[in-house]
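Participant: Sharing a structure below in structure tokens format, with a few things to ask.
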Amino acid sequence: MQQLDALTREARALAMGALPRSADEAEVGRQLQICNACRYCEGYCAVFPAMTRRLEFGKADIHYLANLCHNCGACLHACQYAPPHEFAVNVPQAMARVRLATYADYAWPPALRGLYKRNGLTVVLAVAGGLALFLLLAIARKGSLWHDPLAGNFYQVFPHNLMVAMFAPIFLFAVLALGLGVRRFWKDVSPADHAFDAAGAAIAEATRDGLRLKYLDGGHGQGCNESDDEFTLSRRRFHHFTFYGFMLCFAATCVATLYHYLFRLPAPYPLTSVPVLLGTAGGIGLVIGPAGLLWLNLHRAPLQGDPAQKPMDRGFIVLLLLISLTGLALLAWRNTGGMALLLALHLGVVMALFLTLPYGKFAHGVFRGAALLKWAIEKRQPSKLRLSED
Amino acid sequence: MIAVDVLVIGGGNAALCAALTAREAGASVLLLESSPREWRGGNSQHTRNVRCMHEAPQNVLVDAYPEEEYWQDLLKVTGGITNETLARLAIRESSRFRDWMRRHGVHFQAPLSGTLHLARTNAFFMGGGKALVNAYFRSAAELGVAIRYDSPVEWLELRDGRFVAAHIAGKDGAERIEARACVVASGGFESNREWLREAWGQVDGEWVADNFLIRGTRFNTGVLLKFLIDAGADTISDPTQAHMVAIDARAPLYDGGICTRIDCVSLGVVVNRNARRFDDEGEDFWPKRYAIWGRLVAQQPGQLAYSIIDAKAIGRFMPPVFPGVKTDSLPELARQLGLDEGAFLRTIEGYNAACRVGTFDHAVLDDCHTVGVVPPKTHWAMPIDTPPFFAYALRPGITFTYLGMKVNEQAAVHFGGRPSPNLFAAGEIMAGNVLGKGYTAGVGMTIGTAFGRIAGAQAAAAVLRGEQRAAA
Ligand SMILES: Cc1cc2nc3c(=O)[nH]c(=O)nc-3n(C[C@H](O)[C@H](O)[C@H](O)COP(=O)(O)OP(=O)(O)OC[C@H]3O[C@@H](n4cnc5c(N)ncnc54)[C@H](O)[C@@H]3O)c2cc1C
Ligand code: SF4
Ligand code: SF4
């Protein structure tokens with residue numbers, strides 16, 4: 001059975017290699033052939049060492065390498081063949097274009113792929129929908145958005161069970177959709193990794209590299225490129241604020257859930273309670289991080305990255321900002337008559353985030369994680385090539 | 001009123017090293033680069049490493065590469081056409097200048113994959129020469145060096161061997177720029193097609209050099225080199241001397257850089273337009289031979305040749321930038337290359353029959369050789385018999401020219417045997433003093449960095465001397 005499985009995977013991989021490449025994929029293939037003959041950028045990130053293990057770039061290789069690329073920009077500014085050179089090598093841009101295709105191609109269910117095409121619009125619609133839903137719900141339940149102070153008791157506006165009933169299915173669906181998408185991606189890019197000895201070490205390394213954003217350090221520790229050829233650690237840091245801010249908020253929710261079900265301690269919690277402290281710290285991170293990332297995104301060198309992806313990037317960043325800002329506002333004014341309004345706003349944007357998790361920029365983390373894992377496994381295996389200049 | 005102390009002409013490694021050093025010594029510096037900003041950096045943007053002396057392991061460099069060994073290597077590749085004093089000066093500098101380079105933002109890395117044979121002798125630039133040039137320009141701007149692009153210098157105003165002013169033909173018309181001292185670091189003349197024509201002459205009514213490709217910048221037109229020679233400056237080497245490599249014939253006319261090399265010559269055979277072999281493809285390891293093949297191809301009709309390999313070679317050499325011509329049979333290969341089919345098959349069959357295959361090993365000078373075929377192939381001789389077959393067309397690609405200014409230990413340009421008090425030369429324009437012939441990886445950047453820094457320091461010192469004289 002296992003053998004059969006391996007065989008079908010090999011066949012699938014062969015098919016992937018032979019599958020016709022899209023124009024964007026062929027462009028990555030063209031550029032990588034130049035890079036593979038040059039190799040000057042090997043020290044910047046994992047993409048180039050992974051590239052040198054190959055002589056040809058099939059569809060699956062290209063999607064793998066595109067998602068391994070962090071769009072740090074180093075290899076664009078250092079490239080002797082960058083535009084206006086006729087070779088027009090611009091690896092971060094070519095990779096970014098393919099990444100968008102990865103997200104769409106592997107989106108589940110396939111019927112919703114189109115949401116990536118106009119992702120800015122997708123996010124705006126999700127926000128509008130989420131807001132409308134909760135505002136109307138609040139009015140329906142309270143008769144008005146303004147009320148007498150409720151001492152921060154959200155459940156007076158939306159009962160706990162109602163919130164769980166609304167968010168849990170959507171969240172679980174998002175996890176399922178992303179999981180199925182990345183599973184198919186993994187099968188395509190990693191056909192032959194049967195039982196592998198150092199799996200634990202590879203997983204640990206991939207996790208570490210992802211959590212530290214190793215490949216935004218430029219290979220020399222001074223960071224990546226933003227508006228020009230200067231190296232800066234700002235993107236790495238703002239991304240850390242964003243990611244860990246997000247995780248703290250998530251942790252706050254988890255702790256609160258524990259409080260609720262395990263200790264029978266319903267919200268609201270005091271300012272010095274664990275959930276509120278976690279949420280506040282996370283919220284502040286989620287203001288600083290996305291604000292910084294937005295600023296960097298607006299000032300990035302025009303050649304770096306794919307202009308068509310800016311709406312998706314900015315839509316996602318703004319959504320995160322809205323979540324943190326409404327969340328902090330809710331905390332600040334939860335004892336006033338505006339709580340229902342603030343709560344509706346906050347829940348509306350959170351709902352928008354959950355709805356778009358599998359159909360927006362969030363997916364980049366999942367696919368990049370998979371690519372990092374693939375690299376951590378691959379680098380532990382001997383190369384099939386014996387290339388040398390002599 | 002003279003606006004600037006030190007004028008630096010050029011925008012490559014040597015110019016930047018001179019500008020940074022002069023500025024560090026306190027001089028005000030203006031750097032003139034003839035190219036627009038996006039093409040800045042001359043040939044230096046295509047480099048990947050610098051050869052460095054070291055007595056013990058030094059971060060990215062393993063083991064030791066002592067002065068004497070470096071000198072012996074230079075002596076060997078130049079066949080003695082070198083100046084020992086200047087060569088040893090550059091070698092010793094190379095053991096110290098990397099900390100300085102790092103301070104100005106250059107990052108080093110372990111050898112690139114496929115270049116392990118250079119792990120001991122050559123320090124690689126992370127991101128290559130363009131990253132190095134970017135770092136230097138950034139550091140120069142931060143230190144207050146004034147930088148002007150699109151500013152080709154046409155000629156220099158000299159008085160009794162003294163530099164007075166430079167004349168540029170900028171975007172806004174002609175301009176005269178005075179300075180107290182000047183460093184010329186404007187490279188060789190490899191992109192001057194006329195001059196190359198003149199130097200290489202005609203064969204069968206064809207200008208040989210018209211079929212050359214230029215591996216580096218289009219801006220090294222040798223305008224100042226020619227001007228200085230005409231102005232009576234002492235020279236070194238001659239215009240027919242050029243470092244030439246066999247590269248992919250489809251490479252662009254300029255700036256093809258490193259990636260256009262073809263590394264499979266020693267794994268197969270090479271035929272010319274008449275489908276004949278013309279030299280021993282397996283004489284030695286390719287890095288020691290690729291420059292010789294540039295000249296060999298230049299001597300073939302039409303300056304064209306074809307490297308032919310079969311499936312056995314795939315995966316054993318650095319991947320070429322363009323896909324090769326690929327066929328399932330040898331006659332088809334001949335047809336696609338436009339070669340005489342009969343002659344081509346005779347050549348291959350004759351070679352195949354002459355192969356004495358022992359134990360193939362591409363990592364050593366193995367025992368696979370030919371017997372009874374002219375020219376012989378002395379190593380790695382395997383019959384070309386396993387489809388698919390591949391062919392790569394080769395042309396000569398010029399890396400740099402050797403003709404340059406004669407200098408002394410202060411990098412001073414000489415007129416009639418006398419050093420100029422305030423005109424200095426660095427980089428490719430004076431590399432012939434150290435490297436009169438031949439090449440070994442990374443020496444160009446050693447010379448440029450060492451003499452760029454010397455020229456910068458000497459120019460700043462000349463400014464100071466001038467000031468003291470004025471005050472006295
Ligand atoms: C493809 C390639 C790869 C190479 N790899 C290596 C390597 O790995 N290691 C190594 O040591 N060497 C290498 N070399 C050789 C190396 O490039 C040279 O030795 C070195 O770059 C010379 O530096 P330079 O500053 O003198 O000249 P360049 O870097 O060529 O700079 C000359 C500058 O002068 C400017 N200029 C020219 N004329 C004028 C004018 N009239 N007015 C104003 N400005 C002018 C040009 O625009 C240019 O900026 C390589 C060369 C090539 C072509
Ligand atoms: S990005 Fe440019 S410099 Fe870097 S490896 Fe590719 S071709 Fe070479
Ligand atoms: S942009 Fe950065 S991460 Fe992407 S390939 Fe280039 S150097 Fe690597």
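If you're wondering about the labels, chains in the structure tokens are A, B, ... by order shown, residues count from 1 in each chain, ligands from 1 in order shown.
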Using only C-alpha atoms and all ligand atoms, which residues of the polymer chains come no farther than 7 Å from ligand 1? I'd like the answer as a PyMOL selection string.
Facilitator: chain B and resi 9-15+32-35+40-51+151-154+185-188+215-217+219-224+256-258+399-400+426-429+441-446+448
Participant: For chain B against chain A, which residues fall within 7 Å using only C-alpha atoms, given as a PyMOL selection string?
Facilitator: chain B and resi 45-46+48+109+112+114-115+126-128+130-131+134+258-259+263+285-287+315-321+363
Participant: Can I get the residues close to ligand 3 as a PDB file with N, CA, C and O atoms, in the first residue's frame, where close means within 6 Å and we count only C-alpha atoms and all ligand atoms?
Facilitator:
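Final file, selection.pdb:
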ATOM      1  N   TYR A  44      22.515  34.845   0.471  1.00  0.00           N
ATOM      2  CA  TYR A  44      21.429  35.658   1.025  1.00  0.00           C
ATOM      3  C   TYR A  44      20.316  34.848   1.676  1.00  0.00           C
ATOM      4  O   TYR A  44      19.732  35.261   2.654  1.00  0.00           O
ATOM      5  N   CYS A  45      19.966  33.725   1.071  1.00  0.00           N
ATOM      6  CA  CYS A  45      18.780  33.018   1.557  1.00  0.00           C
ATOM      7  C   CYS A  45      18.841  31.573   1.108  1.00  0.00           C
ATOM      8  O   CYS A  45      19.793  31.134   0.494  1.00  0.00           O
ATOM      9  N   VAL A  47      16.812  30.131  -1.073  1.00  0.00           N
ATOM     10  CA  VAL A  47      16.352  29.893  -2.443  1.00  0.00           C
ATOM     11  C   VAL A  47      17.511  29.449  -3.335  1.00  0.00           C
ATOM     12  O   VAL A  47      17.393  28.485  -4.095  1.00  0.00           O
ATOM     13  N   CYS A  69      11.084  31.967  -1.118  1.00  0.00           N
ATOM     14  CA  CYS A  69      11.542  33.363  -1.222  1.00  0.00           C
ATOM     15  C   CYS A  69      10.741  34.245  -0.283  1.00  0.00           C
ATOM     16  O   CYS A  69       9.523  34.206  -0.260  1.00  0.00           O
ATOM     17  N   HIS A  70      11.444  35.055   0.518  1.00  0.00           N
ATOM     18  CA  HIS A  70      10.802  35.956   1.473  1.00  0.00           C
ATOM     19  C   HIS A  70      10.651  37.372   0.920  1.00  0.00           C
ATOM     20  O   HIS A  70      10.345  38.283   1.655  1.00  0.00           O
ATOM     21  N   ASN A  71      10.945  37.561  -0.346  1.00  0.00           N
ATOM     22  CA  ASN A  71      10.875  38.885  -0.962  1.00  0.00           C
ATOM     23  C   ASN A  71      11.731  39.892  -0.181  1.00  0.00           C
ATOM     24  O   ASN A  71      11.317  41.024   0.046  1.00  0.00           O
ATOM     25  N   CYS A  72      12.939  39.474   0.207  1.00  0.00           N
ATOM     26  CA  CYS A  72      13.779  40.375   1.001  1.00  0.00           C
ATOM     27  C   CYS A  72      14.431  41.437   0.130  1.00  0.00           C
ATOM     28  O   CYS A  72      14.884  42.466   0.616  1.00  0.00           O
ATOM     29  N   GLY A  73      14.524  41.184  -1.161  1.00  0.00           N
ATOM     30  CA  GLY A  73      15.036  42.207  -2.083  1.00  0.00           C
ATOM     31  C   GLY A  73      16.538  42.194  -2.282  1.00  0.00           C
ATOM     32  O   GLY A  73      17.047  42.859  -3.181  1.00  0.00           O
ATOM     33  N   ALA A  74      17.263  41.450  -1.446  1.00  0.00           N
ATOM     34  CA  ALA A  74      18.726  41.496  -1.532  1.00  0.00           C
ATOM     35  C   ALA A  74      19.227  41.126  -2.925  1.00  0.00           C
ATOM     36  O   ALA A  74      20.115  41.772  -3.478  1.00  0.00           O
ATOM     37  N   CYS A  75      18.646  40.069  -3.500  1.00  0.00           N
ATOM     38  CA  CYS A  75      19.166  39.594  -4.775  1.00  0.00           C
ATOM     39  C   CYS A  75      18.744  40.496  -5.928  1.00  0.00           C
ATOM     40  O   CYS A  75      19.278  40.374  -7.020  1.00  0.00           O
ATOM     41  N   VAL A  91      14.365  38.551  -9.399  1.00  0.00           N
ATOM     42  CA  VAL A  91      13.874  37.338  -8.745  1.00  0.00           C
ATOM     43  C   VAL A  91      12.716  37.625  -7.788  1.00  0.00           C
ATOM     44  O   VAL A  91      11.689  36.944  -7.851  1.00  0.00           O
ATOM     45  N   PRO A  92      12.835  38.639  -6.898  1.00  0.00           N
ATOM     46  CA  PRO A  92      11.719  38.815  -5.973  1.00  0.00           C
ATOM     47  C   PRO A  92      10.383  39.084  -6.685  1.00  0.00           C
ATOM     48  O   PRO A  92       9.343  38.604  -6.239  1.00  0.00           O
TER      49      PRO A  92
END
Participant: Using only C-alpha atoms and all ligand atoms, which of the listed residues (B:Val371, B:Ala119, B:Leu31, B:Asp255) sits closest to ligand 2?
Facilitator: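 Among B:Val371, B:Ala119, B:Leu31, B:Asp255, it is B:Asp255 that comes nearest to ligand 2.
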Participant: Could you find all residues in range 246-349 of chain A that DSSP calls helix (DSSP H, G or I) from the backbone, and write them as a VMD selection string?
Facilitator: chain A and resid 246 to 261 274 to 299 307 to 332 339 to 349
